[in-house]
Amino acid sequence: MTNATPLAALEPLRAAIADPHRSAREWKAAGGKVVGVRCLYVPEEIVWAAGMLPEPLYGTPEPVRLADAYFQSCTCEFVRNLFDHALDGRLAHLDLLALSNTCDVARRLFDMWERYVPGVPVYLLNNPQKMEPEENREYFGEELRRFQARVEQVAGKAIGAGELGDAIALYDETRGLLRRLYALRVEDPPRLSGTEAFTAAMGASLLPKDRANGLLRALLTEAGQREAPDVFGPRLLVTGSLLDSPALLAMVEEVGGVVVADDFCTTSRWFWNRVGSSGEPLVALVEFLNRRPQCACMHPPQARFDHVLGLIDEFRVDAVLQLNLKYCHPFAFDTPLIKRRLDERKIPFSVLEVGHDGSGFGQLRTRIQAFVEMVDAG
Amino acid sequence: MSESASATSVSSTPYIPSPDLKIVEEMQMSILRYFAEVQQAKADGKPVVWSSVLVPKEIFQAMDVPVVYGNVLGAYASIFGLSAKYAELAEDFGIPRDCCAVHRCTVGVTCCAERDEFFDLAFAVPDLVIGSNYPCMAESKSPVAIADKFGIPAHFVDAPINTWGRETPEHAVRYLAGQFRGMIAFLERHGYKLDPERLKQQVAFWRDVNEVQGEIEVLKRASPAPMHAYDSVIAACSPLVLSSDMRRLDTWTRLRDELREKVDRKLGIVEHEKLRLMWVGVPPLCDFKLLNYSERHGAVVVKSLVELLAGFTLDPKLMDPETPLESLARAHLCGPINPTGQGLVDYFVGAVRDYRIDGVLAVVKRTCGLLPSLQRLNQEAIREATGVPTVIFDLDGVDAREYDAAATHAAIDAFVEVLLARKGA
């Protein structure tokens, strides 16, 4: 999107990504507590309602160092990178790490953290993996109550009447603003690049939501008034487990792809749905988490495939690029299944294995460029 | 299929050791008859279910459901030296080489148009699939791929991981029992019927078997060790795939009595037992003899993870036939294969003490998501609690393309030599 007017309102969000622990440092400096969260099924609203800052944890594109003495090198590079951060003190500011029950490696991260990161307590939210509210409502609700109790213990306060509802409303506003921002990419050509949208979502995730919402509102206004740039190229959906840097999307756009939608745990899956204001808040969270666009660890898998197919329709996608983090088995197992569904609809599909440490980007660039040119040639 | 035909199929392969114990030999033969029973049920028009291995067999058996445990077939592909072919087929299907080798072989077997001779005896096209996330992600994902491949109905049993310890909360028990009820309802929609009394009988039967298995485990602690590691693996896995004629308490009481006689007479499996080892990790399926390899040094593998991974031995004290589904749920939640890492580590530390282990062989199958990361935790916990050393080394004994027999032998030889020197033996 080379001829697009720069978006001034995006800068604070970009800055949040460049210094991901800044909000946490400021929060701590003001006497607050911070809870690290990963993955998609930890309800940040409970943390916020207890007066603490939920900090989604992202990795950095560095080779794994210290964690290799603990995890085998065949283990997810993102998790090893995160464990590096824990071991070298970059996460020492956390008052709690809250993980959810997703893949094997996330469970092992819990075990390893409990043993080798003594300064930061860790909690594993034992969410179901079958997202059928009719079956899991009681179980999931009780696990959320247990999580809430632990959060209250760390916060040193009970969540008062109305506080969880207020937190949900605040987060719903963030999610709604991001949905509206993403909707700007339905247009052809889109007024917002994939890199910009990703930056807005990831940046907003790192900031306290009362602040993020103001920035997102300003960004919506600014982007809405922006002239649609001249961009030509195939409209792409980029999907995968998680992406914690806009660099890869920027690469796709540099070689001529127009990223009109993304589907990652760190971006759109995080904000796609809203909780709503009806009913008891914890019950509403159970329903929301059941409806949240799934990662590949969850069942039934068709729900995830339907979500991807829905994005393809909504954003008028020409082709799908799947970025599989190296050693991410759940998404790897699903690859032939999603490919079959896309083949049936004659949607070009390419899957690329991505190293979290940024290695092999040159090769990736060549392959992405070839894919974009192939799709463009029709 | 006659028993002699089965025997020919097994004995013609160089890959499988002969069991030492007579009853284990019978169990091994019985597994082939089990496959024949499933094929016969298919021929009789019954829908064949492919299932994850840790879905309660008690329910299937109470409903007379013919079950193929998909990754048992994947394991057999490796045991018969065919893993490269079937793993490659799964890779052609689109599952990358860094995913679990057992499950790749399983998917490969389903993808194959012309399977090898053994699968003529063991393969039955699935009509239904029941998957579960118990105990790992691959176990949860490969059934999905198989259902998708055949375009058949699938049902998923969600088993929570145990983050609560031995005191499993009631909401978790209710949830897992509800998952079992959902599975029963799924089977009933496809023509099966649950007789509640038969379910109670099955739970009572397997509770009794598990009690005898507990006695067998105590006998296995004897020195000199009365049972080869390979025999132990077959005996541990057999409850899942025994033909109906062998599904009697007598099968296990005979094993117990055979072992007791050896223990009473101090008949060890090696002449001079010098070391007792524990094997932690996926066993070397493509070179099953390796489980007995260290015996040449007088070092015996007296406990191996597969007995735990098989997970068929639930705590009999938790199995109450009067509340069959709830008690199965409680027993599964408390089983050592379904904890967080600490539960597994505690299990292994206990085993090192109970079986008087001198050293632990901990192998890393690089395509396994569940175990490799636990090996260091396990190593440190065992050393701290007991002083017993652990050697950790890479061993993909499933995908023959990744297997290096010479390097594996060298790793075992070196560790055993160090242990012998340490012991002054």
# chains A, B, ... in the order shown; residues from 1 in each chain; ligands from 1

call {"tool": "interface_residues", "arguments": {"of": "chain A", "to": "chain B", "cutoff": "6 Å", "atoms": "only C-alpha atoms", "output": "list in words"}}
result
Phe71, Cys74, Asp104, Asp111, Lys130, Tyr139, His329, Phe333 and Pro336 of chain A

call {"tool": "residues_around", "arguments": {"residues": "stretch 263-279 of chain A", "least_positions_apart": "2", "cutoff": "9 Å", "atoms": "only C-alpha atoms", "output": "PyMOL selection string"}}
result
chain A and resi 39-40+56+58+165+168-169+171-176+178-179+182+198+201-202+205+237-244+261+281-285+287-289+291-295+308+311

call {"tool": "select_by_dssp", "arguments": {"residues": "stretch 80-279 of chain A", "states": "alpha helix (DSSP H)", "output": "PyMOL selection string"}}
result
chain A and resi 80-87+104-116+133-155+163-183+194-206+209-225+247-254+268-271

call {"tool": "write_last_selection", "arguments": {"atoms": "C-alpha atoms", "output": "tab-separated table (two decimals), in the first residue's frame"}}
result
chain	number	residue	atom	x	y	z
A	80	ARG	CA	10.64	-21.78	23.76
A	81	ASN	CA	11.08	-18.10	22.96
A	82	LEU	CA	8.56	-17.18	25.65
A	83	PHE	CA	10.38	-19.39	28.13
A	84	ASP	CA	13.60	-17.60	27.21
A	85	HIS	CA	11.92	-14.38	28.25
A	86	ALA	CA	10.91	-15.94	31.53
A	87	LEU	CA	14.40	-17.24	32.23
A	104	ASP	CA	0.54	-30.23	24.41
A	105	VAL	CA	3.28	-27.64	24.49
A	106	ALA	CA	1.17	-25.03	26.27
A	107	ARG	CA	0.52	-27.66	28.95
A	108	ARG	CA	4.22	-28.40	29.15
A	109	LEU	CA	4.95	-24.69	29.42
A	110	PHE	CA	2.80	-24.74	32.55
A	111	ASP	CA	4.82	-27.63	33.99
A	112	MET	CA	8.17	-26.11	33.17
A	113	TRP	CA	7.16	-22.67	34.37
A	114	GLU	CA	5.95	-24.04	37.68
A	115	ARG	CA	9.28	-25.70	38.28
A	116	TYR	CA	11.84	-23.33	36.78
A	133	PRO	CA	-21.89	-25.08	25.43
A	134	GLU	CA	-24.72	-27.57	25.88
A	135	GLU	CA	-22.15	-30.06	27.10
A	136	ASN	CA	-19.58	-27.92	28.89
A	137	ARG	CA	-21.59	-25.09	30.47
A	138	GLU	CA	-21.39	-26.35	34.04
A	139	TYR	CA	-17.80	-27.54	33.81
A	140	PHE	CA	-16.46	-24.45	32.06
A	141	GLY	CA	-18.38	-22.15	34.41
A	142	GLU	CA	-16.87	-23.82	37.45
A	143	GLU	CA	-13.38	-23.60	35.97
A	144	LEU	CA	-13.90	-19.89	35.31
A	145	ARG	CA	-15.06	-19.44	38.92
A	146	ARG	CA	-11.88	-21.15	40.11
A	147	PHE	CA	-9.82	-18.92	37.84
A	148	GLN	CA	-11.62	-15.88	39.18
A	149	ALA	CA	-10.87	-16.97	42.73
A	150	ARG	CA	-7.18	-17.26	41.92
A	151	VAL	CA	-7.16	-13.88	40.21
A	152	GLU	CA	-8.85	-12.31	43.23
A	153	GLN	CA	-6.28	-13.90	45.49
A	154	VAL	CA	-3.42	-12.37	43.47
A	155	ALA	CA	-5.21	-9.03	43.25
A	163	GLU	CA	-17.11	-4.86	37.90
A	164	LEU	CA	-17.00	-7.91	35.68
A	165	GLY	CA	-19.88	-6.58	33.60
A	166	ASP	CA	-18.04	-3.27	33.22
A	167	ALA	CA	-14.88	-5.06	32.15
A	168	ILE	CA	-16.82	-7.05	29.59
A	169	ALA	CA	-18.37	-3.88	28.23
A	170	LEU	CA	-14.94	-2.26	27.93
A	171	TYR	CA	-13.48	-5.26	26.12
A	172	ASP	CA	-16.56	-5.57	23.92
A	173	GLU	CA	-15.98	-2.01	22.84
A	174	THR	CA	-12.39	-2.86	21.86
A	175	ARG	CA	-13.60	-5.87	19.94
A	176	GLY	CA	-16.31	-3.89	18.20
A	177	LEU	CA	-13.89	-1.15	17.18
A	178	LEU	CA	-11.46	-3.68	15.77
A	179	ARG	CA	-14.25	-5.39	13.84
A	180	ARG	CA	-15.21	-2.04	12.32
A	181	LEU	CA	-11.59	-1.38	11.47
A	182	TYR	CA	-11.23	-4.79	9.85
A	183	ALA	CA	-14.46	-4.17	7.90
A	194	GLY	CA	-3.24	-5.97	6.27
A	195	THR	CA	-0.11	-4.79	8.05
A	196	GLU	CA	-1.92	-1.75	9.42
A	197	ALA	CA	-4.89	-3.75	10.60
A	198	PHE	CA	-2.66	-6.32	12.25
A	199	THR	CA	-0.67	-3.55	13.92
A	200	ALA	CA	-3.87	-2.00	15.26
A	201	ALA	CA	-5.09	-5.30	16.70
A	202	MET	CA	-1.81	-6.36	18.26
A	203	GLY	CA	-1.08	-2.88	19.56
A	204	ALA	CA	-4.55	-2.60	21.09
A	205	SER	CA	-4.15	-5.96	22.76
A	206	LEU	CA	-1.11	-4.67	24.64
A	209	LYS	CA	-8.38	-1.09	26.91
A	210	ASP	CA	-9.68	2.29	28.06
A	211	ARG	CA	-6.65	3.79	26.34
A	212	ALA	CA	-6.72	1.44	23.36
A	213	ASN	CA	-10.34	2.27	22.63
A	214	GLY	CA	-9.61	5.96	22.29
A	215	LEU	CA	-6.79	5.23	19.88
A	216	LEU	CA	-8.93	2.85	17.86
A	217	ARG	CA	-11.74	5.39	17.59
A	218	ALA	CA	-9.26	7.96	16.29
A	219	LEU	CA	-7.83	5.44	13.88
A	220	LEU	CA	-11.27	4.55	12.58
A	221	THR	CA	-12.03	8.19	11.91
A	222	GLU	CA	-8.72	8.78	10.21
A	223	ALA	CA	-8.82	5.62	8.14
A	224	GLY	CA	-12.44	6.26	7.19
A	225	GLN	CA	-11.48	9.63	5.76
A	247	ALA	CA	6.73	-8.37	9.55
A	248	LEU	CA	5.41	-11.36	7.63
A	249	LEU	CA	2.26	-9.60	6.53
A	250	ALA	CA	4.38	-6.66	5.43
A	251	MET	CA	6.42	-9.07	3.35
A	252	VAL	CA	3.30	-10.47	1.71
A	253	GLU	CA	2.15	-6.96	0.84
A	254	GLU	CA	5.57	-5.93	-0.41
A	268	SER	CA	-8.88	-11.57	14.71
A	269	ARG	CA	-9.74	-14.74	16.64
A	270	TRP	CA	-9.09	-12.71	19.77
A	271	PHE	CA	-11.59	-9.96	18.98

call {"tool": "select_by_dssp", "arguments": {"residues": "stretch 220-419 of chain B", "states": "strand (DSSP E)", "output": "list in words"}}
result
Leu275, Arg276, Leu277, Met278, Trp279, Val280, Ala299, Val300, Val301, Val302, Lys303, Ser304, Gly359, Val360, Leu361, Ala362, Val363, Val364, Thr390, Val391, Ile392, Phe393 and Asp394 of chain B

call {"tool": "write_last_selection", "arguments": {"atoms": "C-alpha atoms", "output": "PDB file, in the first residue's frame"}}
result
ATOM      1  CA  LEU B 275      21.153 -53.654  36.766  1.00  0.00           C
ATOM      2  CA  ARG B 276      17.489 -52.739  36.705  1.00  0.00           C
ATOM      3  CA  LEU B 277      16.412 -50.103  34.215  1.00  0.00           C
ATOM      4  CA  MET B 278      13.304 -48.097  33.505  1.00  0.00           C
ATOM      5  CA  TRP B 279      12.369 -47.017  29.981  1.00  0.00           C
ATOM      6  CA  VAL B 280      10.646 -43.642  29.730  1.00  0.00           C
ATOM      7  CA  ALA B 299      20.731 -55.043  32.663  1.00  0.00           C
ATOM      8  CA  VAL B 300      16.993 -55.610  32.585  1.00  0.00           C
ATOM      9  CA  VAL B 301      14.267 -53.117  31.675  1.00  0.00           C
ATOM     10  CA  VAL B 302      11.822 -53.888  34.474  1.00  0.00           C
ATOM     11  CA  LYS B 303       9.446 -50.989  33.894  1.00  0.00           C
ATOM     12  CA  SER B 304       8.578 -49.132  30.739  1.00  0.00           C
ATOM     13  CA  GLY B 359      19.109 -46.096  35.861  1.00  0.00           C
ATOM     14  CA  VAL B 360      16.528 -44.544  33.587  1.00  0.00           C
ATOM     15  CA  LEU B 361      16.624 -44.632  29.798  1.00  0.00           C
ATOM     16  CA  ALA B 362      14.645 -41.578  28.678  1.00  0.00           C
ATOM     17  CA  VAL B 363      14.118 -41.348  24.960  1.00  0.00           C
ATOM     18  CA  VAL B 364      12.946 -38.420  22.921  1.00  0.00           C
ATOM     19  CA  THR B 390      18.776 -40.712  33.776  1.00  0.00           C
ATOM     20  CA  VAL B 391      20.218 -40.614  30.295  1.00  0.00           C
ATOM     21  CA  ILE B 392      18.180 -38.691  27.726  1.00  0.00           C
ATOM     22  CA  PHE B 393      18.775 -39.377  24.053  1.00  0.00           C
ATOM     23  CA  ASP B 394      16.948 -38.978  20.736  1.00  0.00           C
TER      24      ASP B 394
END

call {"tool": "residues_around", "arguments": {"residues": "B:Arg353", "least_positions_apart": "5", "cutoff": "10 Å", "atoms": "only C-alpha atoms", "output": "ChimeraX atom specification"}}
result
/B:221,348,358,382,385-386,388

call {"tool": "write_last_selection", "arguments": {"atoms": "C-alpha atoms", "output": "short mmCIF file (atom, residue, chain, number, x, y, z; two decimals), in the first residue's frame"}}
result
data_model
loop_
_atom_site.label_atom_id
_atom_site.label_comp_id
_atom_site.auth_asym_id
_atom_site.auth_seq_id
_atom_site.Cartn_x
_atom_site.Cartn_y
_atom_site.Cartn_z
CA ARG B 221 9.33 -55.72 41.22
CA PHE B 348 8.04 -42.17 37.71
CA ASP B 358 19.42 -48.32 38.91
CA ILE B 382 14.26 -38.69 39.98
CA ALA B 385 14.38 -37.90 45.16
CA THR B 386 16.40 -41.07 44.65
CA VAL B 388 19.21 -42.47 40.32
#

call {"tool": "atom_distance", "arguments": {"atom1": "atom CA of B:Val416", "atom2": "atom CA of B:Arg296"}}
result
10.4 Å

call {"tool": "closest_residue", "arguments": {"among": "A:Pro301, A:Gly358, A:Gly32, A:Gly51", "to": "A:Pro330", "atoms": "only C-alpha atoms"}}
result
A:Pro301

call {"tool": "atom_distance", "arguments": {"atom1": "atom CA of A:Thr102", "atom2": "atom CA of A:Tyr41"}}
result
8.3 Å
